[in-house]
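Presented below is the structure to which this report refers.
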Amino acid sequence: MKVLASAFLAAALAACSSPTPPEKTPRAVIVRTLSASGDAQNLNVYTGEVKARHEAELGFRIGGKLIERRVDVGAQVRAGQILARLDPQDTRLAEQAAGAAVAAAEADVALARAEFARVEGLHAKNFVSASALDTRRTALQAAEARLRQARAQASTAGNQATYATLVADHDGVVTAAMGEAGQVVTAGQAVVRIARPEEREVLIAVPESRIGSLQPGMPAVVRAWASPQKDYPATVREIAPAADTATRSYATRVSIPAADAGLPLGATASVVFSTTAVAQAQLPLTAVTRADGHATVWLVDDASQVRPIAVEVGEFREDGVAIRGGLPPGARIVLTGVHRLVAGETVRPVDENAPVALDTRK
C-alpha cells in the first residue's frame, strides 16, 4: 500500500508541474558592416530642383484685354511663334488717328510750300517786303516739323499695334502660364514663362554652416531621383552673396553641362559634394542614439551579442550622419531599433542588403 501511495503521489506531482518554457528566439536586427580600412568618403548631399539657366517671364509692352493665349504649360515654342494676343481695337484706332494726323500735316506742308514760293516770286519783283518772305519761310519750316512729329507718332502707334501680339523671343518650353483669356493685364505683367532647356542646373539651398566649403567652379555630381543609377558631372556656377531672410540659407546653382532627358525641368535631384575631411562611416540617423551624454552606436560581435560604443559624430546631413571616430574597422553596426537593445543581448544580425525573406521561426 505504501508503494502504491508513493507512486500515485509522484504521478500527481508530475501532472501538476508546468511544462518547460520554449527557448526564446534571438531578436533580428539590421546591420551594416564597415570596410576593413574603416574609412569612407565624406560626402555632402543636398536636394534641389532642376531649372533652366535662362528663364524669362514674357508680357505685353502695353496694357489691354487678353483675348487669346495659344500655349499651355509644357508646350515647345519656336522663336517668333505667337503666344498670346490682346484686343487690337484700341491700338487699331490709335494707328488710324496717327495716319490721319500725318495726312493733315502733309497737306499743311504742301500749302506752306506753295505760299512760300508765291511770296518768294513777289519778293523778287519787290512787290512784298523781306519780312513777309521770312514769315512764309518760318511757316513752311513749322509745317515740316509738324509733319515729322506726326510721322513719328504714327510709327509709335504702329509699334503699339504690333505690341498687341506676344511672340516668343527664342526657342524654349513654357514652364508657367499666368494669364487667361478675358483678363485685363497691365504693361509688363507676366503672361507666360519660357525656359531654354539646353542649359540646365540644379538650385539648392546651402546652410550657413557649410557655405564656406563651397566655391564657384567646385566639382559635384548630380543624381536625379527618377533615375538615381545615372550620375551627371556638374560644377558650382553661382553662390548667392546674401542668405535668404526666411531660411537663412544661400541659394546655390550647380550647372550640368551634359544634362539630357533624364533631368527634366522641375525634377528633384541630389547634388553630391566630396569634402576634404574623411569620415569613418556614414550611418542613418536611426543608428545613432545618446547615452551618458555621448553619441552611441551599437555593435554586434562575433558571438552575435550587442554592446554600445561611444563615437565622435561629425555633420548631420539629409542622408544621415557622418561618424568621425570611435568605430573599429570591420565592425557590424545596428541600424534600427537601437533604443530596444540591452547590452550583452544575443541577436540575429541581418545584413541591410540581404533579400527580404519570410521568417519561419516566428
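The chains in the C-alpha cells are called A, B, ... from first to last as shown; in each chain the residues are counted from 1, and the ligands are counted from 1 in the order shown.
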
Q.
With only C-alpha atoms as the counted atoms, please give the residues lying no more than 6 Å from range 203-215 of chain A, apart from itself and same-chain residues fewer than 3 positions off, as a list in words.
A. Gly48, Glu49, Met218, Ser249, Tyr250, Ala251, Thr252 and Arg253 of chain A

Rows by chain and residue number, range 134-185 of chain A within 9 Å of range 54-66 of chain A, shortest pair, only C-alpha atoms, as CSV:
residue,atom,partner,partner_atom,distance
A:Gln160,CA,A:Ile62,CA,7.2
A:Tyr163,CA,A:Arg61,CA,6.0
A:Ala164,CA,A:Phe60,CA,6.9
A:Thr165,CA,A:Phe60,CA,7.6
A:Leu166,CA,A:Phe60,CA,6.2
A:Val167,CA,A:Leu58,CA,8.8
A:Ala168,CA,A:Leu58,CA,8.1
A:Asp169,CA,A:Leu58,CA,9.0
A:Gly172,CA,A:Glu55,CA,9.0
A:Thr175,CA,A:Glu55,CA,8.9
A:Ala176,CA,A:Glu57,CA,8.7
A:Gly179,CA,A:Leu66,CA,7.7
A:Glu180,CA,A:Leu66,CA,6.9
A:Ala181,CA,A:Leu66,CA,5.1
A:Gly182,CA,A:Leu66,CA,5.3
A:Gln183,CA,A:Leu66,CA,5.4
A:Val184,CA,A:Lys65,CA,4.3
A:Val185,CA,A:Gly63,CA,5.5

With C-alpha atoms retained, could you export that selection as a compact mmCIF listing (two decimals), in the first residue's frame?
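What ended up in selection.txt:
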# COMPACT_ATOMS: atom_id res chain seq x y z
CA GLN A 160 1.76 99.80 -80.34
CA TYR A 163 2.72 95.03 -79.30
CA ALA A 164 -0.81 93.62 -79.03
CA THR A 165 0.67 90.30 -80.19
CA LEU A 166 3.07 88.50 -77.84
CA VAL A 167 5.69 86.40 -79.65
CA ALA A 168 8.50 84.17 -78.37
CA ASP A 169 11.95 85.72 -78.42
CA GLY A 172 12.13 77.07 -75.36
CA THR A 175 7.05 76.42 -67.68
CA ALA A 176 4.20 78.64 -66.42
CA GLY A 179 -2.67 84.92 -67.99
CA GLU A 180 -6.07 83.70 -69.20
CA ALA A 181 -8.43 84.93 -71.91
CA GLY A 182 -10.66 87.75 -70.65
CA GLN A 183 -8.10 89.01 -68.15
CA VAL A 184 -7.07 92.68 -68.27
CA VAL A 185 -3.30 92.96 -68.00

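Minimum atom-to-atom distances from A:Thr336, A:Gln282, A:Asn353, A:Gln141 to Val29 in chain A were compared using only C-alpha atoms, and the lowest value belongs to A:Thr336.
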
Q: Please provide as a PyMOL selection string all residues within 8 Å of Ala154 in chain A, with the sequence filter that same-chain residues fewer than 4 positions apart are discarded (counting only C-alpha atoms).
A: chain A and resi 95+98-99+102+150+158

How about saving the chosen residues, N, CA, C and O atoms kept, as a CSV table (one decimal), in the first residue's frame?
chain,number,residue,atom,x,y,z
A,95,GLU,N,-3.8,103.9,-84.4
A,95,GLU,CA,-3.0,103.8,-85.6
A,95,GLU,C,-3.7,104.6,-86.7
A,95,GLU,O,-3.0,105.4,-87.5
A,98,ALA,N,-3.3,108.3,-86.0
A,98,ALA,CA,-2.0,108.8,-86.3
A,98,ALA,C,-1.8,108.9,-87.8
A,98,ALA,O,-1.2,109.9,-88.3
A,99,GLY,N,-2.4,108.0,-88.6
A,99,GLY,CA,-2.3,108.1,-90.0
A,99,GLY,C,-3.0,109.4,-90.6
A,99,GLY,O,-2.5,110.1,-91.5
A,102,VAL,N,-0.9,112.4,-90.0
A,102,VAL,CA,0.2,112.5,-91.0
A,102,VAL,C,-0.3,113.2,-92.2
A,102,VAL,O,0.3,114.0,-92.9
A,150,ALA,N,4.2,114.2,-86.7
A,150,ALA,CA,3.1,113.3,-87.0
A,150,ALA,C,3.6,111.9,-87.5
A,150,ALA,O,3.0,110.9,-87.1
A,158,GLY,N,2.0,102.5,-84.8
A,158,GLY,CA,2.1,101.3,-85.5
A,158,GLY,C,2.8,100.2,-84.6
A,158,GLY,O,2.5,99.0,-84.6

Q: Write out as a ChimeraX atom specification the residues lying within 10 Å of Thr268 in chain A, counting only C-alpha atoms and excluding same-chain residues fewer than 5 positions away.
A: /A:47-51,202-203,223-226,263

Q: DSSP on the backbone, then: every residue of range 118-315 of chain A marked strand (DSSP E), written as a PyMOL selection string.
A: chain A and resi 165-167+172-177+184-185+190-207+219-224+232-239+249-256+268-274+281-283+289-291+294-300+306-310+312-315

Write a file of the selected residues as a PDB file, in the first residue's frame, keeping C-alpha atoms.
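Writing done, so here's again33.pdb:
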ATOM      1  CA  THR A 165       0.670  90.299 -80.188  1.00  0.00           C
ATOM      2  CA  LEU A 166       3.071  88.496 -77.844  1.00  0.00           C
ATOM      3  CA  VAL A 167       5.694  86.396 -79.653  1.00  0.00           C
ATOM      4  CA  GLY A 172      12.130  77.073 -75.363  1.00  0.00           C
ATOM      5  CA  VAL A 173       9.485  75.382 -73.271  1.00  0.00           C
ATOM      6  CA  VAL A 174       6.608  77.020 -71.413  1.00  0.00           C
ATOM      7  CA  THR A 175       7.051  76.423 -67.680  1.00  0.00           C
ATOM      8  CA  ALA A 176       4.201  78.638 -66.417  1.00  0.00           C
ATOM      9  CA  ALA A 177       1.123  80.408 -67.781  1.00  0.00           C
ATOM     10  CA  VAL A 184      -7.071  92.677 -68.273  1.00  0.00           C
ATOM     11  CA  VAL A 185      -3.298  92.962 -67.996  1.00  0.00           C
ATOM     12  CA  ALA A 190       3.925  88.396 -66.943  1.00  0.00           C
ATOM     13  CA  VAL A 191       1.682  86.196 -69.077  1.00  0.00           C
ATOM     14  CA  VAL A 192       3.904  83.151 -69.751  1.00  0.00           C
ATOM     15  CA  ARG A 193       7.303  81.948 -68.530  1.00  0.00           C
ATOM     16  CA  ILE A 194       9.644  80.368 -71.064  1.00  0.00           C
ATOM     17  CA  ALA A 195      12.801  78.429 -70.223  1.00  0.00           C
ATOM     18  CA  ARG A 196      15.645  77.495 -72.534  1.00  0.00           C
ATOM     19  CA  PRO A 197      16.282  73.826 -71.676  1.00  0.00           C
ATOM     20  CA  GLU A 198      19.607  73.484 -73.485  1.00  0.00           C
ATOM     21  CA  GLU A 199      21.425  74.694 -70.333  1.00  0.00           C
ATOM     22  CA  ARG A 200      20.189  73.147 -67.079  1.00  0.00           C
ATOM     23  CA  GLU A 201      21.228  73.454 -63.476  1.00  0.00           C
ATOM     24  CA  VAL A 202      20.090  72.443 -60.001  1.00  0.00           C
ATOM     25  CA  LEU A 203      19.082  75.072 -57.468  1.00  0.00           C
ATOM     26  CA  ILE A 204      19.958  74.047 -53.903  1.00  0.00           C
ATOM     27  CA  ALA A 205      19.896  75.783 -50.517  1.00  0.00           C
ATOM     28  CA  VAL A 206      23.136  75.561 -48.527  1.00  0.00           C
ATOM     29  CA  PRO A 207      23.053  76.388 -44.788  1.00  0.00           C
ATOM     30  CA  PRO A 219      33.010  69.887 -58.954  1.00  0.00           C
ATOM     31  CA  ALA A 220      29.912  67.942 -57.947  1.00  0.00           C
ATOM     32  CA  VAL A 221      27.778  65.007 -59.025  1.00  0.00           C
ATOM     33  CA  VAL A 222      24.047  65.262 -59.736  1.00  0.00           C
ATOM     34  CA  ARG A 223      21.655  62.326 -59.446  1.00  0.00           C
ATOM     35  CA  ALA A 224      18.010  62.537 -60.448  1.00  0.00           C
ATOM     36  CA  TYR A 232      25.879  63.705 -64.130  1.00  0.00           C
ATOM     37  CA  PRO A 233      29.115  65.673 -63.676  1.00  0.00           C
ATOM     38  CA  ALA A 234      28.427  69.232 -62.578  1.00  0.00           C
ATOM     39  CA  THR A 235      30.120  72.368 -61.264  1.00  0.00           C
ATOM     40  CA  VAL A 236      29.079  75.152 -58.925  1.00  0.00           C
ATOM     41  CA  ARG A 237      28.205  78.127 -61.142  1.00  0.00           C
ATOM     42  CA  GLU A 238      26.826  80.685 -58.710  1.00  0.00           C
ATOM     43  CA  ILE A 239      26.522  81.220 -54.959  1.00  0.00           C
ATOM     44  CA  SER A 249      20.403  79.558 -46.381  1.00  0.00           C
ATOM     45  CA  TYR A 250      22.318  80.508 -49.511  1.00  0.00           C
ATOM     46  CA  ALA A 251      20.854  79.794 -52.943  1.00  0.00           C
ATOM     47  CA  THR A 252      23.469  77.908 -54.967  1.00  0.00           C
ATOM     48  CA  ARG A 253      23.211  76.995 -58.652  1.00  0.00           C
ATOM     49  CA  VAL A 254      25.042  73.910 -59.902  1.00  0.00           C
ATOM     50  CA  SER A 255      25.494  73.748 -63.687  1.00  0.00           C
ATOM     51  CA  ILE A 256      25.078  70.428 -65.546  1.00  0.00           C
ATOM     52  CA  THR A 268      14.018  66.672 -57.982  1.00  0.00           C
ATOM     53  CA  ALA A 269      17.729  65.866 -57.914  1.00  0.00           C
ATOM     54  CA  SER A 270      20.503  65.344 -55.385  1.00  0.00           C
ATOM     55  CA  VAL A 271      23.795  67.220 -55.574  1.00  0.00           C
ATOM     56  CA  VAL A 272      26.770  65.409 -54.022  1.00  0.00           C
ATOM     57  CA  PHE A 273      29.985  67.171 -52.989  1.00  0.00           C
ATOM     58  CA  SER A 274      33.161  65.442 -51.824  1.00  0.00           C
ATOM     59  CA  ALA A 281      31.435  55.915 -41.861  1.00  0.00           C
ATOM     60  CA  GLN A 282      28.154  57.433 -42.811  1.00  0.00           C
ATOM     61  CA  LEU A 283      25.194  55.951 -40.953  1.00  0.00           C
ATOM     62  CA  THR A 289      21.483  57.267 -30.003  1.00  0.00           C
ATOM     63  CA  ARG A 290      22.716  59.092 -26.901  1.00  0.00           C
ATOM     64  CA  ALA A 291      23.830  57.525 -23.633  1.00  0.00           C
ATOM     65  CA  HIS A 294      27.770  60.755 -25.546  1.00  0.00           C
ATOM     66  CA  ALA A 295      26.726  59.794 -29.059  1.00  0.00           C
ATOM     67  CA  THR A 296      26.485  55.995 -29.114  1.00  0.00           C
ATOM     68  CA  VAL A 297      26.084  53.226 -31.661  1.00  0.00           C
ATOM     69  CA  TRP A 298      25.547  49.508 -31.071  1.00  0.00           C
ATOM     70  CA  LEU A 299      27.996  46.870 -32.337  1.00  0.00           C
ATOM     71  CA  VAL A 300      27.373  43.171 -32.942  1.00  0.00           C
ATOM     72  CA  VAL A 306      25.388  43.630 -28.880  1.00  0.00           C
ATOM     73  CA  ARG A 307      27.253  46.280 -26.942  1.00  0.00           C
ATOM     74  CA  PRO A 308      27.174  50.097 -27.042  1.00  0.00           C
ATOM     75  CA  ILE A 309      30.203  52.130 -28.031  1.00  0.00           C
ATOM     76  CA  ALA A 310      30.757  55.890 -27.870  1.00  0.00           C
ATOM     77  CA  GLU A 312      32.572  61.032 -32.435  1.00  0.00           C
ATOM     78  CA  VAL A 313      29.798  62.481 -34.566  1.00  0.00           C
ATOM     79  CA  GLY A 314      30.525  64.813 -37.467  1.00  0.00           C
ATOM     80  CA  GLU A 315      27.926  66.512 -39.621  1.00  0.00           C
TER      81      GLU A 315
END

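The spacing separating CA of Val109 in chain A from CA of Asp134 in chain A amounts to 16.0 Å.
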